[in-house]
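**Student:** For reference, this is protein.cif, and it has mmCIF, C-alpha atoms (C1' of nucleotides).
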data_start
#
loop_
_atom_site.label_atom_id
_atom_site.label_comp_id
_atom_site.auth_asym_id
_atom_site.auth_seq_id
_atom_site.Cartn_x
_atom_site.Cartn_y
_atom_site.Cartn_z
CA MET G 682 3.55 9.57 -34.86
CA ALA G 683 5.80 7.13 -33.07
CA ALA G 684 4.64 4.06 -31.19
CA GLN G 685 1.92 3.23 -33.69
CA ARG G 686 2.07 -0.43 -32.78
CA GLU G 687 1.61 0.31 -29.09
CA ARG G 688 -1.21 2.73 -29.81
CA GLU G 689 -3.06 -0.04 -31.66
CA GLN G 690 -2.45 -2.34 -28.74
CA PHE G 691 -3.98 0.19 -26.36
CA LEU G 692 -7.06 0.63 -28.59
CA TRP G 693 -7.46 -3.13 -28.86
CA PHE G 694 -7.19 -3.47 -25.10
CA LEU G 695 -9.89 -0.82 -24.58
CA ARG G 696 -12.31 -2.27 -27.12
CA GLN G 697 -11.84 -5.78 -25.86
CA ARG G 698 -12.94 -4.62 -22.43
CA ARG G 699 -15.80 -2.51 -23.76
CA LEU G 700 -14.06 0.65 -22.55
CA HIS G 701 -14.38 3.94 -24.38
CA VAL G 702 -11.65 5.41 -26.53
CA THR G 703 -11.65 8.98 -25.27
CA GLY G 704 -9.61 12.03 -26.12
CA GLU G 705 -8.18 12.11 -22.61
CA ARG G 706 -6.94 8.53 -22.81
CA LEU G 707 -5.30 9.06 -26.17
CA ALA G 708 -3.72 12.32 -25.04
CA LEU G 709 -2.20 10.66 -22.01
CA PHE G 710 -0.97 7.78 -24.13
CA ASP G 711 0.70 10.17 -26.55
CA GLU G 712 2.22 12.19 -23.74
CA ILE G 713 3.82 9.25 -21.99
CA TYR G 714 5.11 7.84 -25.26
CA SER G 715 6.66 11.17 -26.15
CA GLN G 716 8.56 11.35 -22.87
CA HIS G 717 11.74 9.33 -22.97
CA ARG G 718 12.40 9.14 -19.27
CA HIS G 719 10.85 8.15 -15.98
CA ILE G 720 8.06 10.55 -15.19
CA ASP G 721 5.56 10.89 -12.37
CA ALA G 722 1.82 11.46 -12.55
CA GLU G 723 1.98 15.12 -11.55
CA GLU G 724 4.50 15.89 -14.27
CA LEU G 725 2.30 14.22 -16.85
CA LEU G 726 -0.66 16.27 -15.65
CA ALA G 727 1.38 19.47 -15.88
CA ALA G 728 2.67 18.59 -19.35
CA LEU G 729 -0.82 17.91 -20.67
CA ARG G 730 -2.20 21.15 -19.27
CA LEU G 731 0.75 23.06 -20.64
CA ALA G 732 -0.12 21.61 -24.03
CA GLY G 733 -3.54 23.21 -23.63
CA ARG G 734 -5.50 20.08 -22.79
CA LYS G 735 -8.07 20.23 -20.06
CA ILE G 736 -7.66 17.06 -18.03
CA SER G 737 -8.16 16.26 -14.36
CA ARG G 738 -5.80 14.67 -11.90
CA ALA G 739 -8.20 11.77 -11.35
CA THR G 740 -8.26 10.93 -15.05
CA VAL G 741 -4.49 10.89 -15.23
CA TYR G 742 -4.27 8.38 -12.41
CA ARG G 743 -7.11 6.26 -13.79
CA THR G 744 -5.60 6.12 -17.25
CA LEU G 745 -2.15 5.27 -15.94
CA ASP G 746 -3.71 2.31 -14.15
CA LEU G 747 -5.18 1.14 -17.45
CA LEU G 748 -1.87 1.48 -19.26
CA VAL G 749 -0.09 -0.46 -16.55
CA GLU G 750 -2.76 -3.13 -16.66
CA CYS G 751 -2.44 -3.62 -20.39
CA GLY G 752 1.32 -3.88 -20.13
CA LEU G 753 2.30 -0.75 -22.04
CA VAL G 754 3.55 1.21 -19.07
CA ARG G 755 5.57 0.20 -16.08
CA ARG G 756 5.05 1.71 -12.64
CA GLN G 757 8.10 1.65 -10.45
CA SER G 758 9.12 3.27 -7.23
CA LEU G 759 12.67 4.54 -7.41
CA GLY G 760 13.35 6.35 -4.18
CA ARG G 761 10.15 7.53 -2.55
CA LYS G 762 8.12 8.39 -5.63
CA LEU G 763 6.10 6.36 -8.08
CA LEU G 764 7.42 6.81 -11.58
CA TYR G 765 6.05 5.66 -14.91
CA GLU G 766 7.82 4.72 -18.10
CA HIS G 767 6.54 3.42 -21.42
CA LEU G 768 7.70 0.11 -22.80
CA HIS G 769 8.33 -1.21 -26.30
CA ASP G 770 7.58 -4.81 -27.24
CA GLY G 771 7.58 -5.89 -23.62
CA GLN G 772 11.34 -5.31 -23.64
CA GLN G 773 12.44 -5.86 -20.08
CA HIS G 774 15.15 -3.68 -18.63
CA ASP G 775 16.35 -2.78 -15.15
CA HIS G 776 17.93 0.16 -13.38
CA LEU G 777 21.18 1.27 -11.85
CA VAL G 778 20.51 4.11 -9.40
CA CYS G 779 23.28 6.39 -8.19
CA GLY G 780 22.90 7.19 -4.50
CA GLY G 781 25.00 10.31 -4.93
CA CYS G 782 23.42 12.27 -7.76
CA GLY G 783 20.25 10.22 -8.27
CA ARG G 784 21.01 9.47 -11.88
CA VAL G 785 19.24 6.38 -13.26
CA VAL G 786 20.84 4.21 -15.91
CA GLU G 787 18.95 1.48 -17.74
CA PHE G 788 20.52 -1.84 -18.55
CA VAL G 789 19.45 -5.11 -20.08
CA SER G 790 20.71 -8.38 -18.69
CA PRO G 791 19.54 -11.64 -20.23
CA GLY G 792 20.94 -13.53 -17.25
CA ILE G 793 18.20 -12.21 -14.99
CA THR G 794 15.46 -13.86 -17.01
CA ALA G 795 17.05 -17.25 -16.52
CA LEU G 796 17.54 -16.54 -12.83
CA GLN G 797 13.90 -15.50 -12.50
CA ARG G 798 12.71 -18.72 -14.12
CA GLU G 799 14.94 -20.79 -11.87
CA ILE G 800 13.85 -19.08 -8.65
CA CYS G 801 10.16 -19.31 -9.50
CA ARG G 802 10.44 -22.99 -10.32
CA ALA G 803 11.99 -23.59 -6.91
CA HIS G 804 9.13 -21.79 -5.13
CA GLY G 805 6.14 -22.86 -7.23
CA PHE G 806 5.56 -19.36 -8.58
CA SER G 807 4.41 -18.37 -12.06
CA PRO G 808 6.55 -15.34 -12.90
CA ASP G 809 4.99 -12.36 -14.60
CA HIS G 810 7.80 -9.83 -14.52
CA HIS G 811 10.51 -8.55 -12.23
CA GLN G 812 12.04 -5.31 -11.04
CA LEU G 813 15.72 -5.06 -10.22
CA GLN G 814 17.37 -1.93 -8.90
CA ILE G 815 21.05 -1.85 -8.18
CA LEU G 816 21.92 0.98 -5.81
CA GLY G 817 25.44 2.28 -5.85
CA LEU G 818 27.58 5.18 -6.95
CA CYS G 819 28.39 6.29 -10.46
CA LEU G 820 32.02 6.92 -11.34
CA THR G 821 31.86 10.67 -10.66
CA CYS G 822 30.15 10.36 -7.29
CA ALA G 823 32.42 7.54 -6.17
CA GLU G 824 35.44 9.77 -6.83
CA ASP G 825 33.85 12.75 -5.09
CA ARG G 826 33.07 10.69 -2.04
CA ALA G 827 36.54 9.19 -1.88
CA ALA G 828 38.02 12.67 -1.96
CA ARG G 829 35.71 13.95 0.78
CA VAL G 830 36.40 10.96 3.04
CA ALA G 831 40.14 11.50 2.65
CA ALA G 832 39.74 15.17 3.59
CA ARG G 833 37.70 14.36 6.69
CA HIS G 834 39.95 11.51 7.74
CA SER G 835 42.16 13.41 10.18
CA THR G 836 39.11 14.86 11.98
CA VAL G 837 37.42 11.47 12.35
CA GLU G 838 40.46 9.65 13.68
CA ALA G 839 40.12 11.05 17.17
CA ALA G 840 36.52 9.80 17.35
CA ALA G 841 37.53 6.36 16.12
CA CYS G 842 39.66 5.87 19.25
CA SER G 843 36.56 5.60 21.45
CA SER G 844 35.65 2.38 19.59
CA PRO G 845 34.83 -0.61 21.88
CA MET C 679 17.44 -10.24 24.22
CA ALA C 680 17.94 -11.22 20.60
CA ALA C 681 20.01 -9.26 18.11
CA GLN C 682 22.63 -8.26 20.67
CA ARG C 683 25.24 -7.95 17.97
CA GLU C 684 23.08 -5.59 15.92
CA ARG C 685 22.18 -3.56 19.01
CA GLU C 686 25.90 -3.00 19.66
CA GLN C 687 26.34 -1.99 16.06
CA PHE C 688 23.59 0.61 16.40
CA LEU C 689 25.12 2.02 19.59
CA TRP C 690 28.51 2.18 17.96
CA PHE C 691 27.03 3.96 14.95
CA LEU C 692 25.36 6.55 17.19
CA ARG C 693 28.44 7.22 19.31
CA GLN C 694 30.68 7.47 16.29
CA ARG C 695 28.47 10.23 14.95
CA ARG C 696 28.14 11.98 18.32
CA LEU C 697 24.43 11.17 18.39
CA HIS C 698 22.58 10.49 21.60
CA VAL C 699 21.51 7.06 22.74
CA THR C 700 17.93 7.79 23.73
CA GLY C 701 15.14 5.65 25.08
CA GLU C 702 13.07 6.28 21.97
CA ARG C 703 15.81 5.10 19.65
CA LEU C 704 16.40 1.92 21.60
CA ALA C 705 12.67 1.21 21.84
CA LEU C 706 12.27 1.50 18.10
CA PHE C 707 15.30 -0.69 17.53
CA ASP C 708 13.88 -3.37 19.82
CA GLU C 709 10.48 -3.15 18.20
CA ILE C 710 11.70 -3.60 14.65
CA TYR C 711 13.98 -6.46 15.68
CA SER C 712 11.11 -8.21 17.44
CA GLN C 713 8.95 -8.07 14.29
CA HIS C 714 9.77 -10.82 11.88
CA ARG C 715 8.07 -9.43 8.84
CA HIS C 716 7.87 -6.38 6.64
CA ILE C 717 6.30 -3.56 8.59
CA ASP C 718 5.47 0.06 7.86
CA ALA C 719 6.17 3.13 9.95
CA GLU C 720 2.58 3.57 11.14
CA GLU C 721 2.42 -0.01 12.39
CA LEU C 722 5.63 0.48 14.32
CA LEU C 723 4.23 3.64 15.86
CA ALA C 724 1.03 1.82 16.86
CA ALA C 725 2.95 -1.13 18.30
CA LEU C 726 5.14 1.12 20.42
CA ARG C 727 2.18 3.08 21.77
CA LEU C 728 0.31 -0.14 22.48
CA ALA C 729 3.32 -1.22 24.51
CA GLY C 730 2.80 1.92 26.61
CA ARG C 731 5.63 3.99 25.18
CA LYS C 732 5.02 7.63 24.42
CA ILE C 733 6.66 8.33 21.09
CA SER C 734 5.84 10.68 18.24
CA ARG C 735 5.40 9.96 14.58
CA ALA C 736 8.29 12.26 13.69
CA THR C 737 10.68 10.35 15.91
CA VAL C 738 9.68 7.04 14.36
CA TYR C 739 10.49 8.33 10.90
CA ARG C 740 13.71 9.99 12.02
CA THR C 741 14.94 6.86 13.76
CA LEU C 742 14.07 4.63 10.83
CA ASP C 743 16.21 6.86 8.64
CA LEU C 744 19.10 6.35 11.05
CA LEU C 745 18.67 2.59 11.05
CA VAL C 746 18.57 2.49 7.28
CA GLU C 747 21.63 4.68 7.11
CA CYS C 748 23.64 2.45 9.38
CA GLY C 749 22.66 -0.62 7.38
CA LEU C 750 20.60 -2.44 9.99
CA VAL C 751 17.25 -1.90 8.36
CA ARG C 752 16.16 -2.04 4.77
CA ARG C 753 13.50 0.25 3.35
CA GLN C 754 11.65 -1.16 0.40
CA SER C 755 8.54 -0.27 -1.51
CA LEU C 756 6.50 -3.34 -2.26
CA GLY C 757 3.33 -2.17 -3.93
CA ARG C 758 2.54 1.42 -2.99
CA LYS C 759 3.81 1.48 0.58
CA LEU C 760 7.21 1.85 2.13
CA LEU C 761 8.02 -1.15 4.28
CA TYR C 762 10.88 -1.76 6.66
CA GLU C 763 12.60 -4.98 7.64
CA HIS C 764 15.55 -5.65 9.88
CA LEU C 765 18.63 -7.40 8.59
CA HIS C 766 21.14 -9.80 10.09
CA ASP C 767 24.81 -9.70 9.14
CA GLY C 768 24.07 -7.82 5.94
CA GLN C 769 22.51 -11.02 4.62
CA GLN C 770 21.06 -10.08 1.26
CA HIS C 771 17.75 -11.58 0.22
CA ASP C 772 15.07 -10.71 -2.30
CA HIS C 773 11.33 -11.06 -2.70
CA LEU C 774 8.74 -12.98 -4.64
CA VAL C 775 5.45 -11.08 -4.55
CA CYS C 776 2.16 -12.75 -5.43
CA GLY C 777 -0.05 -10.43 -7.47
CA GLY C 778 -3.12 -12.39 -6.41
CA CYS C 779 -3.01 -12.57 -2.62
CA GLY C 780 -0.14 -10.17 -1.94
CA ARG C 781 1.91 -12.78 -0.11
CA VAL C 782 5.64 -12.05 0.02
CA VAL C 783 8.20 -14.86 0.00
CA GLU C 784 11.87 -14.25 0.67
CA PHE C 785 14.57 -16.03 -1.24
CA VAL C 786 18.34 -15.99 -1.44
CA SER C 787 20.09 -16.33 -4.76
CA PRO C 788 23.88 -16.20 -4.91
CA GLY C 789 23.69 -15.80 -8.69
CA ILE C 790 22.38 -12.27 -8.34
CA THR C 791 25.49 -11.06 -6.56
CA ALA C 792 27.65 -12.18 -9.45
CA LEU C 793 25.25 -10.59 -11.92
CA GLN C 794 25.32 -7.34 -9.94
CA ARG C 795 29.10 -7.24 -10.00
CA GLU C 796 29.18 -7.92 -13.71
CA ILE C 797 26.60 -5.25 -14.58
CA CYS C 798 28.28 -2.61 -12.43
CA ARG C 799 31.66 -3.32 -13.95
CA ALA C 800 30.17 -2.79 -17.40
CA HIS C 801 28.70 0.61 -16.42
CA GLY C 802 31.42 1.98 -14.16
CA PHE C 803 29.27 1.79 -11.03
CA SER C 804 30.33 0.87 -7.50
CA PRO C 805 27.53 -1.38 -6.26
CA ASP C 806 26.24 -0.94 -2.74
CA HIS C 807 23.24 -3.24 -2.69
CA HIS C 808 20.33 -4.28 -4.87
CA GLN C 809 16.62 -4.88 -4.67
CA LEU C 810 14.94 -7.54 -6.76
CA GLN C 811 11.23 -8.20 -6.76
CA ILE C 812 9.75 -10.92 -8.88
CA LEU C 813 6.04 -10.35 -9.44
CA GLY C 814 3.91 -13.33 -10.27
CA LEU C 815 1.33 -15.71 -8.89
CA CYS C 816 1.77 -18.27 -6.16
CA LEU C 817 0.56 -21.80 -6.81
CA THR C 818 -2.87 -21.27 -5.20
CA CYS C 819 -3.61 -18.02 -6.99
CA ALA C 820 -2.41 -19.36 -10.34
CA GLU C 821 -4.88 -22.25 -10.03
CA ASP C 822 -7.70 -19.95 -8.94
CA ARG C 823 -7.11 -17.67 -11.85
CA ALA C 824 -6.95 -20.53 -14.36
CA ALA C 825 -10.29 -21.80 -13.10
CA ARG C 826 -11.89 -18.36 -13.32
CA VAL C 827 -10.61 -17.74 -16.84
CA ALA C 828 -11.98 -21.09 -17.98
CA ALA C 829 -15.40 -20.23 -16.52
CA ARG C 830 -15.49 -16.85 -18.26
CA HIS C 831 -14.23 -18.20 -21.56
CA SER C 832 -17.57 -18.69 -23.31
CA THR C 833 -18.62 -15.12 -22.46
CA VAL C 834 -15.39 -13.58 -23.72
CA GLU C 835 -15.35 -15.43 -27.05
CA ALA C 836 -17.94 -13.17 -28.65
CA ALA C 837 -15.86 -10.10 -27.77
CA ALA C 838 -12.72 -11.69 -29.19
CA CYS C 839 -14.33 -11.76 -32.66
CA SER C 840 -14.07 -7.96 -32.98
CA SER C 841 -10.27 -8.26 -32.97
CA PRO C 842 -8.47 -6.28 -35.75
"C1'" DC A 631 -31.50 10.43 -33.09
"C1'" DA A 632 -32.57 8.17 -28.87
"C1'" DC A 633 -30.85 5.36 -25.47
"C1'" DT A 634 -27.55 3.05 -22.37
"C1'" DT A 635 -23.28 2.84 -20.29
"C1'" DT A 636 -18.92 4.67 -19.36
"C1'" DT A 637 -16.09 8.58 -18.36
"C1'" DT A 638 -15.00 12.95 -16.72
"C1'" DG A 639 -13.88 16.99 -13.61
"C1'" DA A 640 -13.88 19.52 -9.32
"C1'" DG A 641 -12.85 19.27 -5.09
"C1'" DA A 642 -13.27 16.96 -0.61
"C1'" DC A 643 -10.89 13.51 1.60
"C1'" DG A 644 -7.28 10.12 3.32
"C1'" DT A 645 -2.64 8.56 3.97
"C1'" DC A 646 2.01 9.01 4.43
"C1'" DG A 647 5.82 11.60 5.45
"C1'" DT A 648 8.26 16.22 6.64
"C1'" DC A 649 8.99 20.43 9.07
"C1'" DT A 650 9.09 23.76 12.93
"C1'" DC A 651 10.29 25.23 17.36
"C1'" DA A 652 10.02 25.47 22.25
"C1'" DA A 653 10.79 22.26 25.97
"C1'" DC A 654 13.55 18.60 27.30
"C1'" DA A 655 17.19 14.83 27.67
"C1'" DC A 656 21.80 13.28 27.00
"C1'" DA A 657 26.81 13.58 27.36
"C1'" DT A 658 30.58 15.98 29.16
"C1'" DT A 659 33.06 18.90 32.09
"C1'" DT A 660 33.90 20.86 36.36
"C1'" DA S 1136 26.44 16.02 41.50
"C1'" DA S 1137 25.59 20.28 39.17
"C1'" DA S 1138 26.34 23.05 35.30
"C1'" DT S 1139 26.77 23.53 30.48
"C1'" DG S 1140 26.28 22.84 25.60
"C1'" DT S 1141 24.37 20.34 22.12
"C1'" DG S 1142 21.23 16.94 20.20
"C1'" DT S 1143 16.44 15.22 20.50
"C1'" DT S 1144 11.66 15.14 21.15
"C1'" DG S 1145 6.54 15.92 20.60
"C1'" DA S 1146 2.50 18.28 18.86
"C1'" DG S 1147 0.54 19.73 15.23
"C1'" DA S 1148 0.71 22.40 10.92
"C1'" DC S 1149 1.95 21.47 6.49
"C1'" DG S 1150 2.81 19.29 1.93
"C1'" DA S 1151 2.89 15.65 -1.60
"C1'" DC S 1152 0.53 12.15 -3.54
"C1'" DG S 1153 -3.26 9.49 -4.54
"C1'" DT S 1154 -8.42 8.13 -4.10
"C1'" DC S 1155 -13.28 8.87 -3.99
"C1'" DT S 1156 -17.88 10.87 -5.06
"C1'" DC S 1157 -21.45 12.26 -7.98
"C1'" DA S 1158 -23.76 15.03 -11.28
"C1'" DA S 1159 -22.87 16.38 -15.96
"C1'" DA S 1160 -20.92 15.10 -20.36
"C1'" DA S 1161 -19.33 12.03 -23.91
"C1'" DA S 1162 -18.83 7.55 -26.28
"C1'" DG S 1163 -20.81 3.58 -28.25
"C1'" DT S 1164 -25.02 1.24 -30.20
"C1'" DG S 1165 -29.11 0.25 -32.96
#
Translate the structure of the given file into structure tokens.

**Tutor:**
Amino acid sequence: MAAQREREQFLWFLRQRRLHVTGERLALFDEIYSQHRHIDAEELLAALRLAGRKISRATVYRTLDLLVECGLVRRQSLGRKLLYEHLHDGQQHDHLVCGGCGRVVEFVSPGITALQREICRAHGFSPDHHQLQILGLCLTCAEDRAARVAARHSTVEAAACSSP
Amino acid sequence: MAAQREREQFLWFLRQRRLHVTGERLALFDEIYSQHRHIDAEELLAALRLAGRKISRATVYRTLDLLVECGLVRRQSLGRKLLYEHLHDGQQHDHLVCGGCGRVVEFVSPGITALQREICRAHGFSPDHHQLQILGLCLTCAEDRAARVAARHSTVEAAACSSP
DNA sequence: CACTTTTTGAGACGTCGTCTCAACACATTT
DNA sequence: AAATGTGTTGAGACGACGTCTCAAAAAGTG
């Protein structure tokens, strides 16, 4: 079993708050820690049911809230959906999102932490964490787009003449 | 009329794409440029109807997509809702979000642009824009929370003894 | 085991956003 | 200005996602 340390942390969080350690909560924990990608609540529900576990939609959402609250899972909206991802050791990373194919690449940048501290100091905030998404095009999509623009160029030129 | 420059840009965008300049589109443009805050689609719809304009939900969403596409409006999910805000001159700013009272503070940090360029170079991406949210507590909420934690401290101590 | 408190599941409900299609408005040409 | 062709709109059905309720079930406790 991977993520033993995080599992302990979850149990400790539950006990500290006098919450019950239930089969459903553990199953959801295991599921999200076995998925190495961004995943949404419906997918988690489907995966658990596929694995033969009887669990309700409401419980999935409730348990995800707990995991987010205790810092083991991050909820993030990339695009128009809420996605969840598990964390290890509070390791903070951010995302590059390709606007062409939708691919998401994770990256770690120590510089952001310093920037965050600096900005919060200037505004009297106590930082907890941040979320940075850089939207752009991956190499493949940038090339595709360049090619398509070149192809359409002759057609568009006539339209461009009506510019003010 | 404010935002004349941006209005021209919107008209130019529409004409270039052989799209019609309709009363609904202009009304929505004017509405979002008269609101100096983050606003969601339903609020825009309500504001337009309150102003006596007959406009449908579908048109609001369709027009917002156009405005986002032409770079005049930014769509961002702060919390669990999609919010829109108008931009001026492509001026890029980011957000501090207070987890206590939900207040949103805008800030500009030139350092992020450099960081964005650096990160994209390292991953072969062509950056378009970024979104950075720093979650934390504003001064007031940080003090409130500190006071409340202190008050609860004696109660919590007993629970803390069952730690592993 | 008995007792208290928390949790669960099923499904109704609410919100946000999308889709469809007939009627209509805009832009362009004559 | 009228005709023509194409893009746009509104009403409401629809769909995705998430929340809520409450009686039944399970976890924790002594």

**Student:** Quick one: distance from CA of His714 (chain C) to C1' of DG647 (chain A) in Å, one decimal?

**Tutor:**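 Atom-to-atom, CA of His714 (chain C) and C1' of DG647 (chain A) are spaced 23.7 Å apart.
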
**Student:** Find the distance between CA of Val702 (chain G) and CA of Asp746 (chain G) and write it in Å to one decimal.

**Tutor:** 15.0 Å

**Student:** For CA of Leu726 (chain G) and CA of His769 (chain G), quote the distance in Å rounded to one decimal.

**Tutor:**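 Computing the Euclidean distance for CA of Leu726 (chain G) and CA of His769 (chain G) yields 22.4 Å.
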
**Student:** With 8 Å as the limit and counting all atoms listed in the file, what residues in chain G lie close to chain A? Please list them as a PDB file with C-alpha atoms, in the coordinates of the input.

**Tutor:**
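Contents of result.pdb, as written:
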ATOM      1  CA  LEU G 700     -14.060   0.650 -22.550  1.00  0.00           C
ATOM      2  CA  HIS G 701     -14.380   3.940 -24.380  1.00  0.00           C
ATOM      3  CA  ILE G 736      -7.660  17.060 -18.030  1.00  0.00           C
ATOM      4  CA  SER G 737      -8.160  16.260 -14.360  1.00  0.00           C
ATOM      5  CA  THR G 740      -8.260  10.930 -15.050  1.00  0.00           C
TER       6      THR G 740
END

**Student:** So what does the PyMOL selection byres ((chain S) within 8 of (chain C)) actually pick up in this one, as a list in words?

**Tutor:**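 That expression, the PyMOL selection byres ((chain S) within 8 of (chain C)), corresponds here to DG1142, DT1143, DT1144 and DG1145 of chain S.
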
**Student:** Determine the nearest neighbour of Gly749 (chain C) from the options C:Val782, C:Ala725, C:Arg799, C:Asp806, counting all atoms listed in the file.

**Tutor:** C:Asp806

**Student:** Using all atoms listed in the file and a distance of at most 9 Å, pull out the residues of chain G that contact chain C, as a VMD selection string.

**Tutor:** chain G and resid 693 696 to 699 757 to 761 763 777 779 to 780 786 788 790 792 to 793 796 to 797 800 to 801 804 to 820 823 837 840 to 841 843 to 845

**Student:** Okay, now the selection with C-alpha atoms, as an mmCIF file, in the frame of the given file?

**Tutor:**
data_model
loop_
_atom_site.group_PDB
_atom_site.id
_atom_site.type_symbol
_atom_site.label_atom_id
_atom_site.label_comp_id
_atom_site.auth_asym_id
_atom_site.auth_seq_id
_atom_site.Cartn_x
_atom_site.Cartn_y
_atom_site.Cartn_z
ATOM 1 C CA TRP G 693 -7.460 -3.130 -28.860
ATOM 2 C CA ARG G 696 -12.310 -2.270 -27.120
ATOM 3 C CA GLN G 697 -11.840 -5.780 -25.860
ATOM 4 C CA ARG G 698 -12.940 -4.620 -22.430
ATOM 5 C CA ARG G 699 -15.800 -2.510 -23.760
ATOM 6 C CA GLN G 757 8.100 1.650 -10.450
ATOM 7 C CA SER G 758 9.120 3.270 -7.230
ATOM 8 C CA LEU G 759 12.670 4.540 -7.410
ATOM 9 C CA GLY G 760 13.350 6.350 -4.180
ATOM 10 C CA ARG G 761 10.150 7.530 -2.550
ATOM 11 C CA LEU G 763 6.100 6.360 -8.080
ATOM 12 C CA LEU G 777 21.180 1.270 -11.850
ATOM 13 C CA CYS G 779 23.280 6.390 -8.190
ATOM 14 C CA GLY G 780 22.900 7.190 -4.500
ATOM 15 C CA VAL G 786 20.840 4.210 -15.910
ATOM 16 C CA PHE G 788 20.520 -1.840 -18.550
ATOM 17 C CA SER G 790 20.710 -8.380 -18.690
ATOM 18 C CA GLY G 792 20.940 -13.530 -17.250
ATOM 19 C CA ILE G 793 18.200 -12.210 -14.990
ATOM 20 C CA LEU G 796 17.540 -16.540 -12.830
ATOM 21 C CA GLN G 797 13.900 -15.500 -12.500
ATOM 22 C CA ILE G 800 13.850 -19.080 -8.650
ATOM 23 C CA CYS G 801 10.160 -19.310 -9.500
ATOM 24 C CA HIS G 804 9.130 -21.790 -5.130
ATOM 25 C CA GLY G 805 6.140 -22.860 -7.230
ATOM 26 C CA PHE G 806 5.560 -19.360 -8.580
ATOM 27 C CA SER G 807 4.410 -18.370 -12.060
ATOM 28 C CA PRO G 808 6.550 -15.340 -12.900
ATOM 29 C CA ASP G 809 4.990 -12.360 -14.600
ATOM 30 C CA HIS G 810 7.800 -9.830 -14.520
ATOM 31 C CA HIS G 811 10.510 -8.550 -12.230
ATOM 32 C CA GLN G 812 12.040 -5.310 -11.040
ATOM 33 C CA LEU G 813 15.720 -5.060 -10.220
ATOM 34 C CA GLN G 814 17.370 -1.930 -8.900
ATOM 35 C CA ILE G 815 21.050 -1.850 -8.180
ATOM 36 C CA LEU G 816 21.920 0.980 -5.810
ATOM 37 C CA GLY G 817 25.440 2.280 -5.850
ATOM 38 C CA LEU G 818 27.580 5.180 -6.950
ATOM 39 C CA CYS G 819 28.390 6.290 -10.460
ATOM 40 C CA LEU G 820 32.020 6.920 -11.340
ATOM 41 C CA ALA G 823 32.420 7.540 -6.170
ATOM 42 C CA VAL G 837 37.420 11.470 12.350
ATOM 43 C CA ALA G 840 36.520 9.800 17.350
ATOM 44 C CA ALA G 841 37.530 6.360 16.120
ATOM 45 C CA SER G 843 36.560 5.600 21.450
ATOM 46 C CA SER G 844 35.650 2.380 19.590
ATOM 47 C CA PRO G 845 34.830 -0.610 21.880
#

**Student:** What residues come out when you apply the PyMOL selection byres ((chain C and resi 750) around 9) to this file, written as a ChimeraX atom specification?

**Tutor:** /C:684,687-688,744-749,751-752,763-768

**Student:** Can you tell me, as a list in words, what residues are no more than 10 Å from Leu704 (chain C) when counting only C-alpha atoms (C1' of nucleotides), ignoring any on the same chain fewer than 6 positions away?

**Tutor:**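 Returned residues: Arg685, Phe688, Leu689 and Thr741 of chain C.
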
**Student:** For each of G:Leu709, G:Val830, G:Ala795, G:Cys782, take the minimum atom-to-atom distance to Arg743 (chain G), counting only C-alpha atoms, then give the residue where this is smallest.

**Tutor:** G:Leu709
